[in-house]
Structure formats: C-alpha cells, structure tokens
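Undergrad: The structure that follows is given in the form of structure tokens.
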Amino acid sequence: MVEVELALLTTLAEAGLVPWEDIKLLTPEVRKRLLSITTTEVDEVERITKHDVRALVRIMQEILPEPLRRWTHLLLTSYDVVDTARALQFKRAHKRVVRPMIQHLVYVFRILAERYASTLQIGRTHGQHALPITVGFWLATILSRVLHNAKEMDCFADRLCGKVSGAVGAYNSQIATGVYEFKAGEETEIFEETLLGHLGEGLRTPPISTQILPPEPLAYYLFAVAGLSATLGQFGADSRQLTRTEIGEIAEPFLPGQVGSSTMAHKRNPFNFEILQGMWEGVQAEMGKVLSLLISEHQRDLVGSSLMRDLPTIVIRLVQQLDVLLRPDNEGVPFLERVVVDKEACDRNLAARGDIVLAELFYIALQIAGFVGDAHELVNHGAVKLAQREGVSLFTAIEQIAYTDAGVGMAWNKIPQATMDVLRDPRLYVGRATEKTLQVCRDADNYLRTSF
C-alpha cells in the first residue's frame, strides 16, 4: 500500500501538480522508513481513525518531509490503494515464489513419468482392478493436469488489474482537476496507467471499475490456484491409496531416524501424501469466500473486506503442497523424486486376477470376429463365471465354450493372431500408455522451455 502511495507522488509530479524539487525530498532513507511501516503501527492509529487507509496516511505524513504531506493520498480512494496493493501481492507471489516452484515440480514430475513410462501397473476404476497401464502413465495424468493449471495461473496472473479510478470508478476528481490525461514531453499520459506503471509489475487496468476492482481477474487466478491445489491433492490421494499394505506399489521415502508411529514401530505412515490432500481440503474451504466476493451491494460495501484478507491463504496452502513435494534431503534430492516405486508389487497386483482383466478385449474380439450374439453377455455371465468356478484362465474358459458352441467357435477361430497374442498375456494390453506418457513429457519440456 505504501508503494502505491509513493507511486502517486511521482505521478502527481509528472502531471505537474507536485514540484520535482519536492519529490527529491523522497530520499532512500525516507522511502525505507515509509516501506518499514508495520501493520501493528497502523492498527494503533486505526483505534482513533476507525479507518485503516486513513491511519496509514497519517503515519506516512508524519514521516514525509513537510512539503509532500499534503499530497499524500490525493485523488485516491481507499480501494485504489487496497485493491491495487492486493493485486501487486498476488502478482509478485506468483512471479517470485509460486511459478519457480511449479517449474521445479514440472521438471521433477517429468523425470519420474519418463523413468516409469514402461513400468507396468494395473489401472483402477471405482477402486477395482480395471485394465493395465504403466506407472508413468498414472504420473503423466497428474503431470498433464499440473501443466494445464500452471498455464492457467500464468494466464490469469498476467491479467491481474490495479485501479486508480476514484471513489465510484468514474475518475471524477481526475477529470475535475485536469490530470486524467496529461502531457509528458511529446506524449499524452493517462494518470491511472502511469501510476500503475511505476509499480513495475505490469498490472493491467480494467475496462471499467466501481470503487473496487471487478472481482473476476483475481477470482479466476485463485480458481486456477485451486485447480493446481486439487491436482496435487489428487496425487496425494492416489499415492496414499497405493501405499496401502495390501497394494504397496509406492512408498514415501523414509529418512534415517524417522519415526512412523508413536507406538507401532513397524508403521511408515504416508503423512506427506496426506498433507497434500489435507491442504487441498483447506483450499476448498477457502474458495467459498472467493465466490462470496463476486457480488457486493451496489458493487461496493465492506461485507467482503474481511474475507478478502483471507485470500492469500489459498496461495499459501498451495505453496505448502509444493514445499512438501520439493523438500530436499541432505543430498538435495526432492521428496517427489525419492518416492519409491515397488515394481514387484506392481507386477504382483497386475497378475492378481490373471487374464480376467482382459474381459473387455475378449468380448470386443469375439464381436468383431463375427459372433452374432451379445459377446459382452457371453464373457460377463458365461466365461468369467466359468473361469472362476473351474479355477482356469479366461482364455481357457472361452476356448472350452468355443468347443461346444459353434457360433462362439466360428468367431474364436477368426480372431487375428496378433490379438490372440495379447489375449494370452495381459501385460501386452497397455494401449498407448507409454506413448501418451512420453507425449506429456514433451508437453512438459515445451512448458519449461517457454516459461523460463
């Protein structure tokens, strides 16, 4: 907020209202004192003013050289300062903290996805064994969502707006005093655009505003933040399930001296994965406030002002998630890169139901080969039950049916050899899992190449 007020003084000088010799009184020492004003100091003065911005102005006036005091906050309304400062906060947080962490995360996820692009894993739907995929494919589904939300965050961070349009947004005082447009050398400058330009972060001006900024630019940025937080929560939820004793396909890295439980010495709780999911649930709770802030009385009241002070929490929780995944060990290797994939467990789980997981392909192959009945019904209620009852493979069960049913036998014998090879080995039924994984890895490369 102090930065916005200081940018005002410079802009007033450029517009010809404040003498440049007075601006020179803003020495580095004075600026430092102004920028060191604390919220606690403002709170103390606000006990008297009952107004936060006016309290800040009084403190600034006490620090500023006398010739500049009368110009403080001139032509501004409170939310020219507050809304612009808030946009500045989020834009800087994104640029300096969040975006570099996301870039690092994409880099590490890309390494893992490629590393496990061909590592077989049983895919799951509704918590049940479905069709074979690869570990890399699962990781790539997360990485792709990370990329989507990262790009959305970049897009909407770029669209964040500030405002210097006065008490109702119509530039009343600027028009009346003749500074809305002013000459700077040969150029005509717009007061609002010039002031925002001095803040140095590329804040846009909205097409129109009231006393406050239109809520959509910040809301859409926070929606994108929530999207990425949800993605990391999804990774935490997936990973926590995959660490279950009866699944055991992945595990959190366990450092020397680390304890898993206060009493059960054998435990290795997936607490980091749980934090990822928990932080998302916190973001989800906060997003209701963002929705509430989309309306206000006559597009300006103080009902939502206290809620707006909570909005940084949304970004902070995302940063906590990113910190969990990127936290290095003593050798500098991020937590995410140290997640353990148990290939034997993956193979064991893939083989657990044998070729039953190929039921889809069995019925499709029979239908395409000319079976005139309902091949899905045949496999679902005939062959699968026979295989389970007799303790044989689904392949063997369908062969047995083909011996006694001429219609099934005719179609069975027409299935191409290449398809038969897959029907004999579920490990071959992975579709384009590896290729799609590598495509997402290339998408990650493109993102990293263009975002640095």
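Residue numbering restarts at 1 for every chain of the structure tokens, chains are lettered A, B, ... in their displayed order, and ligands are numbered from 1 as they appear.
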Enumerate the residues of stretch 249-435 of chain A with a DSSP assignment of strand (DSSP E or B), computed from the backbone, and present them as a short mmCIF file (atom, residue, chain, number, x, y, z; two decimals) with N, CA and C atoms, in the first residue's frame.
TA:
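states_32.cif, freshly written:
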data_model
loop_
_atom_site.label_atom_id
_atom_site.label_comp_id
_atom_site.auth_asym_id
_atom_site.auth_seq_id
_atom_site.Cartn_x
_atom_site.Cartn_y
_atom_site.Cartn_z
N ILE A 250 3.73 -48.05 -4.14
CA ILE A 250 4.68 -46.97 -3.91
C ILE A 250 4.84 -46.76 -2.41
N ALA A 251 5.88 -46.02 -2.04
CA ALA A 251 6.12 -45.71 -0.62
C ALA A 251 6.81 -44.37 -0.52
N PRO A 328 14.03 -30.98 -0.15
CA PRO A 328 15.18 -31.83 -0.44
C PRO A 328 15.68 -32.59 0.78
N PRO A 334 14.76 -33.82 -4.21
CA PRO A 334 13.41 -33.51 -3.74
C PRO A 334 12.65 -34.75 -3.29
N VAL A 340 9.35 -44.05 -3.74
CA VAL A 340 9.77 -45.39 -4.13
C VAL A 340 8.66 -46.10 -4.89
N VAL A 341 8.97 -46.63 -6.05
CA VAL A 341 8.04 -47.46 -6.81
C VAL A 341 8.49 -48.91 -6.69
#
Undergrad: What lies within 9 Å of A:Leu74 using only C-alpha atoms, ignoring chain neighbours under 2 positions off, as a list in words?
TA: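 The contact residues come out as Leu8, Leu9, Leu12, Arg70, Trp71, Thr72, Leu76 and Thr77 of chain A.
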Undergrad: Which of these, A:Gly370, A:Pro270, A:Gly169, A:Pro214, has the shortest distance to A:Glu192 once you count only C-alpha atoms?
TA: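 Closest candidate: A:Gly169.
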Undergrad: Which neighbours of A:Thr419 fall inside 10 Å, counting only C-alpha atoms, when residues of the same chain fewer than 2 positions from it are skipped, and could you give them as a list of chain:residue names?
TA: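 Contacts, with the query itself left out: A:Leu361, A:Phe362, A:Ala365, A:Ile415, A:Pro416, A:Gln417, A:Asp421, A:Val422, A:Leu423, A:Arg424, A:Leu428, A:Tyr429.
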Undergrad: Check the smallest atom-to-atom distance from each of A:Leu64, A:Ala93, A:Leu291, A:Leu26 to A:Met153 using only C-alpha atoms, then report the winner.
TA: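 Among the listed residues, A:Ala93 lies closest to A:Met153.
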Undergrad: Please measure the separation of atom CA of A:Glu377 and atom CA of A:Thr134, giving the value in Å to one decimal.
TA: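 So the two atoms, atom CA of A:Glu377 and atom CA of A:Thr134, lie 28.8 Å apart.
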Undergrad: Let me make sure I understand: among A:Lys163, A:Val97, A:Glu246, A:Gly257, which one has the smallest atom-to-atom distance to A:Val319 if we use only C-alpha atoms?
TA: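 That would be A:Val97, the residue with the smallest distance to A:Val319.
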Undergrad: Per DSSP on the backbone, what are the helix (DSSP H, G or I) residues of stretch 324-365 of chain A, as number ranges by chain?
TA: A: 324-326, 336-338, 343-351, 354-365
Undergrad: A:Phe90: which residues within 10 Å, counting only C-alpha atoms, same-chain residues fewer than 3 positions away excluded, as a short mmCIF file (atom, residue, chain, number, x, y, z; two decimals) with C-alpha atoms, in the first residue's frame?
TA:
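Below is the file that was written, around.cif:
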data_model
loop_
_atom_site.label_atom_id
_atom_site.label_comp_id
_atom_site.auth_asym_id
_atom_site.auth_seq_id
_atom_site.Cartn_x
_atom_site.Cartn_y
_atom_site.Cartn_z
CA ALA A 85 -1.77 -3.41 -3.46
CA ARG A 86 -3.56 -6.74 -3.22
CA ALA A 87 -3.14 -7.41 -6.94
CA ALA A 93 3.90 -14.01 -5.15
CA HIS A 94 3.17 -15.81 -8.41
CA LYS A 95 6.19 -14.47 -10.24
CA ARG A 96 8.77 -14.77 -7.46
CA VAL A 98 4.82 -19.88 -6.91
CA ALA A 157 -1.68 -13.73 -13.17
CA LEU A 160 -4.44 -9.11 -12.68
CA LEU A 218 -8.36 -12.16 -9.08
CA TYR A 221 -6.41 -16.54 -10.79
CA LEU A 222 -7.46 -18.10 -7.50
CA LEU A 311 -7.42 -14.87 0.22
CA PRO A 312 -3.61 -15.20 0.46
CA VAL A 315 -1.88 -19.42 -2.32
#
Undergrad: Which residues come within 12 Å of stretch 431-435 of chain A, counting only C-alpha atoms, excluding same-chain residues fewer than 5 positions away, as a VMD selection string?
TA: chain A and resid 113 to 123 131 to 141 361 422 426 440 to 442
Undergrad: Write to file, as a tab-separated table (two decimals), in the first residue's frame, the residues of the selection just made, with C-alpha atoms.
TA:
chain	number	residue	atom	x	y	z
A	113	ALA	CA	6.99	-40.03	-15.72
A	114	GLU	CA	9.70	-40.87	-18.24
A	115	ARG	CA	11.52	-43.12	-15.77
A	116	TYR	CA	8.41	-45.25	-15.25
A	117	ALA	CA	6.86	-44.83	-18.70
A	118	SER	CA	7.04	-48.59	-19.34
A	119	THR	CA	6.69	-49.89	-15.77
A	120	LEU	CA	3.50	-51.95	-15.82
A	121	GLN	CA	0.74	-51.28	-13.31
A	122	ILE	CA	-2.88	-52.32	-13.05
A	123	GLY	CA	-5.18	-49.42	-13.77
A	131	LEU	CA	-7.03	-52.52	-17.40
A	132	PRO	CA	-3.22	-52.47	-17.44
A	133	ILE	CA	-1.45	-49.10	-17.64
A	134	THR	CA	2.02	-48.01	-16.61
A	135	VAL	CA	3.21	-46.13	-13.54
A	136	GLY	CA	4.47	-43.43	-15.88
A	137	PHE	CA	1.01	-43.12	-17.42
A	138	TRP	CA	-0.53	-42.55	-13.98
A	139	LEU	CA	2.13	-39.93	-13.21
A	140	ALA	CA	1.55	-38.33	-16.61
A	141	THR	CA	-2.17	-37.91	-15.86
A	361	LEU	CA	-10.76	-57.37	-25.17
A	422	VAL	CA	-2.49	-60.10	-26.38
A	426	PRO	CA	-2.39	-59.08	-20.07
A	440	VAL	CA	3.05	-35.45	-21.82
A	441	CYS	CA	6.77	-35.41	-21.08
A	442	ARG	CA	7.28	-33.48	-24.31
Undergrad: Looking at A:Thr49, A:Val106, A:Pro217, A:Gly16, which one is nearest to A:Arg449, with distances taken over only C-alpha atoms?
TA: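 Comparing A:Thr49, A:Val106, A:Pro217, A:Gly16 against A:Arg449, the winner is A:Val106.
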Undergrad: Pick the closest to A:Asp323 from A:Ala130, A:Ala224, A:Ala387, A:Ile102: which is it, counting only C-alpha atoms?
TA: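 Of all the options, A:Ile102 lies closest to A:Asp323.
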Undergrad: Which of these residues is nearest to A:Ala352, using only C-alpha atoms: A:Leu68, A:Val225, A:Leu34, A:Ile247?
TA: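 Of A:Leu68, A:Val225, A:Leu34, A:Ile247, the one nearest A:Ala352 is A:Ile247, counting only C-alpha atoms.
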Undergrad: Work out how far apart atom CA of A:Gly382 and atom CA of A:Ile401 are and give it in Å to one decimal.
TA: 8.6 Å
